[in-house]
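This is data10.cif. It holds mmCIF, C-alpha atoms.
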data_upload
loop_
_atom_site.label_atom_id
_atom_site.label_comp_id
_atom_site.auth_asym_id
_atom_site.auth_seq_id
_atom_site.Cartn_x
_atom_site.Cartn_y
_atom_site.Cartn_z
CA MET A 1 80.13 71.82 139.82
CA THR A 2 82.15 68.70 140.34
CA LYS A 3 85.74 68.64 141.43
CA GLU A 4 86.87 67.78 137.91
CA ASP A 5 85.03 70.75 136.45
CA LEU A 6 86.67 73.10 138.90
CA LEU A 7 90.12 71.77 138.10
CA THR A 8 89.50 72.08 134.38
CA THR A 9 88.27 75.62 134.58
CA ARG A 10 91.05 76.64 136.87
CA LEU A 11 93.61 75.07 134.54
CA ASP A 12 91.98 76.77 131.58
CA SER A 13 92.04 80.09 133.28
CA VAL A 14 95.66 79.68 134.31
CA VAL A 15 96.68 78.63 130.83
CA GLY A 16 94.65 81.48 129.40
CA PHE A 17 96.27 83.89 131.79
CA ILE A 18 99.74 82.75 130.84
CA ARG A 19 98.85 82.82 127.20
CA GLU A 20 97.32 86.25 127.22
CA LYS A 21 99.44 88.07 129.72
CA GLY A 22 102.63 86.22 128.97
CA VAL A 23 102.96 84.97 125.42
CA HIS A 24 100.64 87.41 123.73
CA TRP A 25 102.04 90.26 125.74
CA CYS A 26 105.51 89.41 124.52
CA LEU A 27 104.26 89.02 120.95
CA LYS A 28 102.42 92.29 120.86
CA TYR A 29 105.25 94.36 122.21
CA SER A 30 107.78 92.88 119.84
CA LEU A 31 106.17 93.04 116.44
CA TRP A 32 108.84 93.23 113.76
CA PRO A 33 107.48 95.17 110.81
CA LEU A 34 108.33 94.57 107.18
CA PRO A 35 107.71 97.82 105.39
CA PHE A 36 106.66 96.94 101.86
CA ALA A 37 106.94 100.58 100.92
CA THR A 38 106.30 101.30 97.28
CA ALA A 39 105.50 105.01 97.36
CA CYS A 40 104.97 108.11 99.49
CA CYS A 41 103.52 106.21 102.43
CA GLY A 42 106.93 104.67 102.82
CA ILE A 43 108.33 108.08 103.65
CA GLU A 44 105.64 108.54 106.25
CA PHE A 45 106.50 105.16 107.69
CA MET A 46 110.10 106.24 107.90
CA SER A 47 109.08 109.27 109.91
CA THR A 48 107.01 107.03 112.18
CA VAL A 49 110.07 104.96 112.90
CA ALA A 50 112.23 108.04 113.40
CA SER A 51 112.71 109.72 116.71
CA ARG A 52 109.81 112.15 116.94
CA TYR A 53 106.97 109.67 116.44
CA ASP A 54 109.04 106.77 117.64
CA ILE A 55 107.35 103.46 117.04
CA ALA A 56 110.05 101.85 119.13
CA ARG A 57 108.00 102.92 122.12
CA PHE A 58 105.53 100.25 121.04
CA GLY A 59 108.15 97.65 120.44
CA ALA A 60 108.02 97.68 116.65
CA GLU A 61 111.48 99.03 116.28
CA ALA A 62 113.26 96.12 114.64
CA VAL A 63 112.34 96.75 111.05
CA ARG A 64 113.32 93.70 109.04
CA PHE A 65 113.27 93.69 105.28
CA SER A 66 113.27 89.96 104.99
CA PRO A 67 109.91 88.18 105.18
CA ARG A 68 111.48 85.27 106.99
CA GLN A 69 112.37 87.51 109.89
CA ALA A 70 109.34 89.77 110.13
CA ASP A 71 105.83 89.21 111.38
CA LEU A 72 103.98 92.37 110.43
CA LEU A 73 103.75 93.24 106.75
CA ILE A 74 103.02 96.92 106.28
CA CYS A 75 102.05 97.53 102.69
CA ALA A 76 102.66 101.24 102.28
CA GLY A 77 101.89 102.82 98.96
CA ARG A 78 100.19 101.99 95.72
CA VAL A 79 100.72 98.53 94.32
CA ALA A 80 100.61 97.90 90.59
CA ILE A 81 99.39 94.60 89.23
CA LYS A 82 102.91 93.99 88.02
CA MET A 83 104.06 94.14 91.63
CA MET A 84 101.26 91.99 92.99
CA PRO A 85 102.98 88.61 92.54
CA VAL A 86 105.95 89.96 94.44
CA LEU A 87 103.76 91.13 97.30
CA GLN A 88 101.94 87.82 97.41
CA ARG A 89 105.17 85.90 97.44
CA ILE A 90 106.52 88.03 100.27
CA TYR A 91 103.33 87.42 102.24
CA GLN A 92 103.53 83.69 101.68
CA GLN A 93 107.16 83.59 102.73
CA MET A 94 106.42 85.08 106.12
CA CYS A 95 106.15 82.64 109.01
CA GLU A 96 103.01 82.30 111.09
CA PRO A 97 101.72 84.11 113.06
CA LYS A 98 101.70 87.06 110.72
CA TRP A 99 99.65 90.18 110.31
CA VAL A 100 99.14 92.60 107.45
CA ILE A 101 98.56 96.32 107.61
CA SER A 102 97.38 98.12 104.52
CA MET A 103 98.71 101.63 105.02
CA GLY A 104 97.30 104.59 103.19
CA ALA A 105 94.53 105.08 100.68
CA CYS A 106 96.38 103.51 97.78
CA ALA A 107 97.04 100.17 99.41
CA SER A 108 93.54 100.04 100.89
CA THR A 109 91.50 101.08 97.88
CA GLY A 110 93.76 102.25 95.11
CA GLY A 111 93.61 105.85 96.31
CA VAL A 112 93.47 108.50 93.62
CA PHE A 113 94.94 106.11 91.08
CA ASP A 114 91.89 104.50 89.52
CA THR A 115 93.84 103.33 86.47
CA TYR A 116 94.35 100.16 84.50
CA ALA A 117 97.57 99.26 86.25
CA VAL A 118 96.97 100.01 89.95
CA VAL A 119 95.36 97.41 92.19
CA GLN A 120 92.26 98.91 93.75
CA GLY A 121 93.03 97.66 97.21
CA ILE A 122 95.47 94.89 98.02
CA ASP A 123 92.70 93.10 99.90
CA GLN A 124 91.42 92.00 96.51
CA PHE A 125 94.31 89.59 96.27
CA MET A 126 95.66 89.02 99.75
CA PRO A 127 94.32 89.10 103.32
CA VAL A 128 94.58 92.32 105.30
CA ASP A 129 94.07 92.76 109.03
CA VAL A 130 94.14 96.50 109.59
CA TYR A 131 93.55 99.35 107.17
CA ILE A 132 95.05 102.74 107.92
CA PRO A 133 93.34 105.56 106.01
CA GLY A 134 95.15 108.66 104.92
CA CYS A 135 97.14 110.03 102.08
CA PRO A 136 99.60 109.68 103.64
CA PRO A 137 98.41 108.80 107.14
CA ARG A 138 99.94 110.86 109.90
CA PRO A 139 102.49 108.96 111.96
CA GLU A 140 100.00 109.05 114.81
CA GLN A 141 97.54 107.20 112.59
CA VAL A 142 100.18 104.64 111.73
CA ILE A 143 100.84 104.10 115.41
CA GLU A 144 97.09 103.72 115.98
CA GLY A 145 97.10 101.04 113.30
CA VAL A 146 99.95 99.22 114.97
CA MET A 147 98.08 99.49 118.27
CA ALA A 148 95.03 97.94 116.62
CA ILE A 149 97.24 95.06 115.56
CA GLN A 150 98.44 94.86 119.13
CA ARG A 151 94.84 94.55 120.36
CA MET A 152 94.38 91.72 117.90
CA VAL A 153 97.58 90.06 119.05
CA GLU A 154 96.54 90.36 122.65
CA LYS A 155 93.32 88.53 121.94
CA ASP A 156 94.53 85.69 119.73
CA GLY A 157 98.10 86.29 118.90
CA SER A 158 99.72 82.91 118.63
CA LYS A 159 96.99 81.47 116.44
CA PRO A 160 97.97 81.18 112.78
CA SER A 161 96.20 83.56 110.46
CA TRP A 162 93.65 81.11 109.09
CA GLN A 163 92.33 80.49 112.58
CA ARG A 164 92.09 84.12 113.39
CA GLY A 165 89.28 84.94 111.08
CA ASP A 166 88.46 88.49 110.32
CA GLY A 167 89.92 90.32 113.25
CA LEU A 168 88.13 92.48 115.74
CA ARG A 169 86.01 94.41 113.23
CA MET A 170 86.46 97.67 114.97
CA VAL A 171 86.98 101.20 113.79
CA ALA A 172 89.09 103.51 115.87
CA GLU A 173 87.00 106.49 116.90
CA PRO A 174 88.57 109.75 117.94
CA THR A 175 88.30 110.39 121.65
CA TYR A 176 87.71 114.12 121.32
CA ASN A 177 84.78 115.93 119.76
CA VAL A 178 85.21 116.59 116.11
CA THR A 179 83.32 119.58 114.76
CA VAL A 180 83.07 119.89 111.04
CA ASP A 181 82.26 123.24 109.55
CA GLY A 182 82.02 124.35 105.96
CA GLY A 183 85.48 125.81 105.77
CA ASP A 184 86.59 127.87 102.83
CA ALA A 185 85.17 125.94 99.93
CA MET B 1 120.60 122.44 59.91
CA ILE B 2 117.38 121.84 58.06
CA GLU B 3 119.05 123.32 55.00
CA HIS B 4 121.74 120.64 55.21
CA LEU B 5 119.04 118.02 55.48
CA GLN B 6 117.13 119.39 52.54
CA ALA B 7 120.30 119.64 50.48
CA ARG B 8 121.24 116.06 51.17
CA PHE B 9 117.76 114.66 50.61
CA PRO B 10 116.22 116.94 48.03
CA GLU B 11 113.51 114.44 47.15
CA ILE B 12 112.03 114.32 50.65
CA GLU B 13 109.57 116.93 51.69
CA PHE B 14 110.35 117.80 55.25
CA SER B 15 107.79 120.54 55.98
CA PRO B 16 109.64 122.06 58.92
CA ALA B 17 107.59 123.71 61.61
CA ALA B 18 108.90 125.80 64.44
CA LEU B 19 108.24 124.75 68.02
CA LEU B 20 108.30 127.44 70.64
CA GLY B 21 109.80 126.61 73.96
CA ARG B 22 109.91 129.03 76.84
CA GLY B 23 113.02 131.14 76.68
CA ASP B 24 113.99 130.01 73.19
CA GLU B 25 114.80 132.33 70.38
CA PRO B 26 112.25 131.83 67.65
CA GLY B 27 113.29 129.05 65.36
CA ALA B 28 115.57 127.38 67.89
CA GLN B 29 113.59 124.15 67.92
CA GLN B 30 112.23 122.88 64.65
CA CYS B 31 110.08 119.88 63.93
CA VAL B 32 110.45 117.98 60.71
CA ARG B 33 108.25 115.26 59.17
CA VAL B 34 109.84 112.08 57.88
CA LEU B 35 108.34 109.06 56.18
CA PRO B 36 109.07 105.64 57.69
CA ALA B 37 110.76 104.58 54.46
CA ASN B 38 113.37 107.34 54.70
CA LEU B 39 113.78 107.26 58.44
CA LEU B 40 116.96 105.23 58.82
CA GLU B 41 118.81 107.13 56.11
CA VAL B 42 117.85 110.51 57.50
CA MET B 43 118.75 109.53 61.06
CA ARG B 44 122.09 108.14 60.05
CA PHE B 45 122.86 111.32 58.18
CA LEU B 46 121.83 113.44 61.14
CA ARG B 47 124.07 111.51 63.48
CA ASP B 48 127.12 111.28 61.26
CA ASP B 49 127.23 114.47 59.24
CA SER B 50 129.80 116.93 60.53
CA ARG B 51 127.46 119.89 60.36
CA CYS B 52 124.63 118.14 62.20
CA ARG B 53 126.28 115.71 64.64
CA PHE B 54 123.28 114.71 66.71
CA GLU B 55 125.01 112.33 69.07
CA GLN B 56 122.14 111.95 71.47
CA LEU B 57 118.65 110.66 70.94
CA CYS B 58 116.96 112.38 73.87
CA ASP B 59 113.52 110.92 73.57
CA LEU B 60 111.40 108.63 71.48
CA THR B 61 107.70 108.73 72.07
CA CYS B 62 104.39 108.64 70.27
CA ILE B 63 101.21 110.66 69.95
CA ASP B 64 97.83 109.15 69.15
CA TYR B 65 95.92 111.56 66.93
CA LEU B 66 92.63 109.72 67.04
CA ASN B 67 89.75 112.21 66.88
CA PHE B 68 92.19 115.09 66.72
CA PRO B 69 90.83 117.81 64.45
CA LYS B 70 92.78 118.25 61.23
CA ALA B 71 94.84 115.10 61.72
CA THR B 72 95.57 112.92 58.73
CA ASP B 73 97.39 109.97 60.31
CA ARG B 74 96.84 108.21 63.59
CA TYR B 75 100.23 107.65 65.22
CA GLY B 76 103.02 110.20 65.20
CA VAL B 77 106.27 108.76 66.51
CA VAL B 78 108.29 111.68 67.84
CA TYR B 79 112.08 111.73 67.99
CA SER B 80 114.04 114.34 69.88
CA LEU B 81 117.68 114.75 68.87
CA LEU B 82 120.34 116.77 70.63
CA SER B 83 123.75 117.72 69.43
CA ILE B 84 126.05 118.08 72.40
CA SER B 85 129.07 119.25 70.42
CA LEU B 86 127.28 121.78 68.27
CA GLY B 87 124.52 122.73 70.67
CA HIS B 88 121.34 122.39 68.65
CA ARG B 89 118.14 120.35 68.84
CA LEU B 90 115.85 118.85 66.29
CA TRP B 91 112.50 117.13 66.52
CA LEU B 92 111.28 114.65 63.96
CA LYS B 93 107.85 113.12 63.53
CA CYS B 94 107.15 109.97 61.64
CA PHE B 95 103.47 109.26 60.94
CA VAL B 96 102.05 105.77 60.67
CA ASN B 97 98.56 104.36 60.55
CA ASP B 98 96.37 101.48 61.56
CA PRO B 99 96.33 98.57 60.77
CA ASP B 100 99.85 97.31 61.56
CA PRO B 101 101.71 100.52 62.28
CA GLU B 102 105.37 99.83 61.55
CA VAL B 103 108.44 101.99 61.83
CA PRO B 104 112.11 101.00 61.36
CA SER B 105 113.98 100.66 64.61
CA LEU B 106 116.75 103.08 65.48
CA THR B 107 118.68 100.69 67.71
CA SER B 108 121.33 100.28 65.06
CA ILE B 109 122.04 104.00 65.20
CA TRP B 110 121.45 104.88 68.84
CA ALA B 111 121.47 102.02 71.34
CA GLY B 112 119.33 104.02 73.75
CA ALA B 113 116.38 103.70 71.42
CA ASP B 114 115.94 100.12 72.61
CA TRP B 115 113.80 100.61 75.71
CA MET B 116 112.13 103.73 74.39
CA GLU B 117 110.85 101.77 71.43
CA ARG B 118 109.71 98.99 73.73
CA GLU B 119 107.71 101.56 75.66
CA VAL B 120 106.09 102.93 72.50
CA PHE B 121 105.28 99.38 71.42
CA ASP B 122 103.79 98.59 74.80
CA MET B 123 101.71 101.74 75.11
CA PHE B 124 100.64 102.30 71.48
CA GLY B 125 101.23 99.11 69.57
CA VAL B 126 103.62 100.57 67.00
CA VAL B 127 105.86 97.75 65.82
CA PHE B 128 109.54 98.55 65.30
CA THR B 129 111.08 96.35 62.63
CA ASP B 130 114.57 94.96 63.28
CA HIS B 131 114.31 95.67 66.97
CA PRO B 132 116.46 93.15 68.89
CA ASP B 133 113.95 92.43 71.65
CA LEU B 134 110.52 93.94 71.13
CA ARG B 135 108.37 93.01 74.09
CA ARG B 136 106.32 94.77 76.74
CA ILE B 137 108.22 96.85 79.20
CA LEU B 138 105.77 98.68 81.48
CA THR B 139 102.74 96.39 81.55
CA TRP B 140 102.78 92.85 82.76
CA ASP B 141 102.93 89.50 80.93
CA GLY B 142 99.56 88.55 79.64
CA PHE B 143 98.39 92.12 79.22
CA GLU B 144 96.87 92.34 75.80
CA ALA B 145 95.90 95.90 75.04
CA HIS B 146 97.88 99.08 74.37
CA PRO B 147 96.93 101.45 77.18
CA LEU B 148 97.90 104.89 75.93
CA ARG B 149 95.78 104.70 72.82
CA LYS B 150 92.93 107.16 72.92
CA ASP B 151 90.30 104.49 72.66
CA TYR B 152 91.54 102.59 75.72
CA PRO B 153 89.64 103.57 78.88
CA LEU B 154 91.55 104.89 81.86
CA ARG B 155 90.30 102.20 84.18
CA GLY B 156 91.19 99.45 81.78
CA ARG B 157 89.04 96.62 80.58
CA GLY B 158 89.22 94.44 83.65
CA GLU B 159 92.87 93.43 83.41
CA ARG B 160 93.61 94.74 86.87
CA GLU B 161 91.04 92.46 88.47
CA ASP B 162 92.18 89.34 86.75
CA TYR B 163 94.73 87.96 89.15
CA SER B 164 95.13 85.09 91.57
CA VAL B 165 93.99 85.54 95.15
CA VAL B 166 96.05 84.48 98.16
CA THR B 167 94.01 83.56 101.20
CA ARG B 168 95.05 83.19 104.79
CA GLY B 169 96.97 80.03 105.32
CA SER B 170 97.92 79.40 101.72
CA ALA B 171 101.62 78.89 101.43
#

Translate this file's structure into structure tokens.
Amino acid sequence: MTKEDLLTTRLDSVVGFIREKGVHWCLKYSLWPLPFATACCGIEFMSTVASRYDIARFGAEAVRFSPRQADLLICAGRVAIKMMPVLQRIYQQMCEPKWVISMGACASTGGVFDTYAVVQGIDQFMPVDVYIPGCPPRPEQVIEGVMAIQRMVEKDGSKPSWQRGDGLRMVAEPTYNVTVDGGDA
Amino acid sequence: MIEHLQARFPEIEFSPAALLGRGDEPGAQQCVRVLPANLLEVMRFLRDDSRCRFEQLCDLTCIDYLNFPKATDRYGVVYSLLSISLGHRLWLKCFVNDPDPEVPSLTSIWAGADWMEREVFDMFGVVFTDHPDLRRILTWDGFEAHPLRKDYPLRGRGEREDYSVVTRGSA
């Protein structure tokens, strides 16, 4: 390795260190959510923000209802096609870098509402970074979703969303052994 | 108050039928058939007559009798009237058919019929003549069908997929 190579790599690693441990660290622990709550998942989001399941521990306390001031759009609840232009406009009005969580079964796939008016998953019409399953998801699941966003932010947080691609493509596995028995069917 | 109705409009055949609600005395809620041609007159009488005095139109909805056994007409527009001062209820049904189901609008008598008739138009396609603003209220612009008809599938005919897509980075 020549002297120039060494300087370049050391500069890269320093810049990378500052970016990851400095800028991205600040970004990930200060995500400001925009709860686009249309239905029951909104209530579950409210309980996540409340004191027992406190999402403020993870920095996402400043809930802002204006897209200009938020960077994490949490779409909680079923979205009708009539509401879709509103959701798209809100997404487009957010400033980069921005992330989208699709919370609950209805926002991810339409849930139980397989009808003519409900969008079968908002990812049909707008980009989504993290899907949180559940009907409604437990607050712990919502926090896990926000933590998944934080892992994404840590890796490439200050890149705008079109440079980020498809995210980390990971599924959160439970860390304990899950035994499934027949139950009382 | 069906006797008052029959006395005032002897030429109309009302065929009253009793509806049983839980906790009602028998005969407390009656349902009466009206033709669309007589509808406005009958409704105005029901609202204004001192023995009837139905000040409130509680509900205005529609039933699609397609494939219903023993049904003669397709759409039954149902009106639910309540008299607050005298304390009685009345249900009326007005039957119309395809093609071009048309019923006179009750907005001149009860202003609350406005949005209820828009909903019936949106969901069933029943046109209300003389309605001030008959357009879709629950479905979105560009939606063509009438969803609560019995021959419309639950999942729709692809209208919910037909929308513009926003990608990352589009502003």

Would you list the contacts of range 118-125 of chain A as a ChimeraX atom specification, taking every protein, DNA or RNA residue within 9 Å and counting all atoms listed in the file, but skipping same-chain residues closer than 3 positions in sequence?
-> /A:75,78-82,84,88,102,105-111,113-115,128 /B:160-161,163-167

Taken to one decimal, the CA of Val100 in chain A-CA of Ser66 in chain A distance is 14.6 Å

Output check: residues returned by the PyMOL selection byres ((chain B and resi 111-118) around 12), as a PDB file with C-alpha atoms, keeping the file's coordinate frame:
ATOM      1  CA  GLU B  55     125.010 112.330  69.070  1.00  0.00           C
ATOM      2  CA  GLN B  56     122.140 111.950  71.470  1.00  0.00           C
ATOM      3  CA  LEU B  57     118.650 110.660  70.940  1.00  0.00           C
ATOM      4  CA  CYS B  58     116.960 112.380  73.870  1.00  0.00           C
ATOM      5  CA  ASP B  59     113.520 110.920  73.570  1.00  0.00           C
ATOM      6  CA  LEU B  60     111.400 108.630  71.480  1.00  0.00           C
ATOM      7  CA  THR B  61     107.700 108.730  72.070  1.00  0.00           C
ATOM      8  CA  CYS B  62     104.390 108.640  70.270  1.00  0.00           C
ATOM      9  CA  VAL B  77     106.270 108.760  66.510  1.00  0.00           C
ATOM     10  CA  VAL B  78     108.290 111.680  67.840  1.00  0.00           C
ATOM     11  CA  TYR B  79     112.080 111.730  67.990  1.00  0.00           C
ATOM     12  CA  SER B  80     114.040 114.340  69.880  1.00  0.00           C
ATOM     13  CA  LEU B  81     117.680 114.750  68.870  1.00  0.00           C
ATOM     14  CA  GLU B 102     105.370  99.830  61.550  1.00  0.00           C
ATOM     15  CA  VAL B 103     108.440 101.990  61.830  1.00  0.00           C
ATOM     16  CA  PRO B 104     112.110 101.000  61.360  1.00  0.00           C
ATOM     17  CA  SER B 105     113.980 100.660  64.610  1.00  0.00           C
ATOM     18  CA  LEU B 106     116.750 103.080  65.480  1.00  0.00           C
ATOM     19  CA  THR B 107     118.680 100.690  67.710  1.00  0.00           C
ATOM     20  CA  SER B 108     121.330 100.280  65.060  1.00  0.00           C
ATOM     21  CA  ILE B 109     122.040 104.000  65.200  1.00  0.00           C
ATOM     22  CA  TRP B 110     121.450 104.880  68.840  1.00  0.00           C
ATOM     23  CA  GLU B 119     107.710 101.560  75.660  1.00  0.00           C
ATOM     24  CA  VAL B 120     106.090 102.930  72.500  1.00  0.00           C
ATOM     25  CA  PHE B 121     105.280  99.380  71.420  1.00  0.00           C
ATOM     26  CA  ASP B 122     103.790  98.590  74.800  1.00  0.00           C
ATOM     27  CA  MET B 123     101.710 101.740  75.110  1.00  0.00           C
ATOM     28  CA  PHE B 124     100.640 102.300  71.480  1.00  0.00           C
ATOM     29  CA  GLY B 125     101.230  99.110  69.570  1.00  0.00           C
ATOM     30  CA  VAL B 126     103.620 100.570  67.000  1.00  0.00           C
ATOM     31  CA  VAL B 127     105.860  97.750  65.820  1.00  0.00           C
ATOM     32  CA  PHE B 128     109.540  98.550  65.300  1.00  0.00           C
ATOM     33  CA  THR B 129     111.080  96.350  62.630  1.00  0.00           C
ATOM     34  CA  ASP B 130     114.570  94.960  63.280  1.00  0.00           C
ATOM     35  CA  HIS B 131     114.310  95.670  66.970  1.00  0.00           C
ATOM     36  CA  PRO B 132     116.460  93.150  68.890  1.00  0.00           C
ATOM     37  CA  ASP B 133     113.950  92.430  71.650  1.00  0.00           C
ATOM     38  CA  LEU B 134     110.520  93.940  71.130  1.00  0.00           C
ATOM     39  CA  ARG B 135     108.370  93.010  74.090  1.00  0.00           C
ATOM     40  CA  ARG B 136     106.320  94.770  76.740  1.00  0.00           C
ATOM     41  CA  ILE B 137     108.220  96.850  79.200  1.00  0.00           C
ATOM     42  CA  LEU B 138     105.770  98.680  81.480  1.00  0.00           C
ATOM     43  CA  THR B 139     102.740  96.390  81.550  1.00  0.00           C
ATOM     44  CA  HIS B 146      97.880  99.080  74.370  1.00  0.00           C
TER      45      HIS B 146
END

For each of A:Arg10, A:Arg52, A:Arg57, A:Arg164, take the minimum atom-to-atom distance to chain B, counting only C-alpha atoms, then give the residue where this is smallest.
-> A:Arg164

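For the choices A:Asp71, A:Glu144, A:Glu96, A:Glu154, the atom-to-atom distance to chain B is smallest for A:Glu96 when using all atoms listed in the file.
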
Please, what is the axis-aligned box for every listed atom of range 43-48 of chain B with 8 Å on each side, as centre and edge lengths in Å to one decimal, as lines of an AutoDock Vina configuration file?
center_x = 122.9
center_y = 110.8
center_z = 60.8
size_x = 24.4
size_y = 21.3
size_z = 21.3

Explicit residues for the PyMOL selection byres ((chain B and resi 13) around 10) (as a PDB file with C-alpha atoms, keeping the file's coordinate frame):
ATOM      1  CA  GLN B   6     117.130 119.390  52.540  1.00  0.00           C
ATOM      2  CA  PHE B   9     117.760 114.660  50.610  1.00  0.00           C
ATOM      3  CA  PRO B  10     116.220 116.940  48.030  1.00  0.00           C
ATOM      4  CA  GLU B  11     113.510 114.440  47.150  1.00  0.00           C
ATOM      5  CA  ILE B  12     112.030 114.320  50.650  1.00  0.00           C
ATOM      6  CA  PHE B  14     110.350 117.800  55.250  1.00  0.00           C
ATOM      7  CA  SER B  15     107.790 120.540  55.980  1.00  0.00           C
ATOM      8  CA  PRO B  16     109.640 122.060  58.920  1.00  0.00           C
ATOM      9  CA  VAL B  32     110.450 117.980  60.710  1.00  0.00           C
ATOM     10  CA  ARG B  33     108.250 115.260  59.170  1.00  0.00           C
ATOM     11  CA  VAL B  34     109.840 112.080  57.880  1.00  0.00           C
ATOM     12  CA  LEU B  35     108.340 109.060  56.180  1.00  0.00           C
TER      13      LEU B  35
END

Distance CA of Thr9 in chain A-CA of Gln163 in chain A, one decimal place?
-> 22.9 Å

Residues near Asp64 in chain B, cut-off 9 Å, all atoms listed in the file, skip fewer than 2 positions along chain, as a list in words | Cys62, Leu66, Asn67, Phe68, Asp73, Arg74, Tyr75, Gly76, Val77, Phe124, Leu148, Arg149 and Lys150 of chain B

Neighbours of range 11-28 of chain A within 6 Å (all atoms listed in the file; same-chain residues fewer than 4 positions away dropped), as a compact mmCIF listing (two decimals) with C-alpha atoms, keeping the file's coordinate frame?
# COMPACT_ATOMS: atom_id res chain seq x y z
CA LEU A 7 90.12 71.77 138.10
CA GLN A 150 98.44 94.86 119.13
CA VAL A 153 97.58 90.06 119.05
CA GLU A 154 96.54 90.36 122.65
CA GLY A 157 98.10 86.29 118.90

Quick one: distance from CA of Tyr53 in chain A to CA of Gly145 in chain A in Å, one decimal?
->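 For CA of Tyr53 in chain A relative to CA of Gly145 in chain A, the distance reads 13.5 Å.
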
Hey, what comes out of the PyMOL selection byres ((chain B and resi 45) around 12) on this file? Could you write it as a list in words?
->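 Those residues are Met1, Ile2, His4, Leu5, Gln6, Ala7, Arg8, Phe9, Asn38, Leu39, Leu40, Glu41, Val42, Met43, Arg44, Leu46, Arg47, Asp48, Asp49, Ser50, Arg51, Cys52, Arg53, Phe54, Glu55 and Ile109 of chain B.
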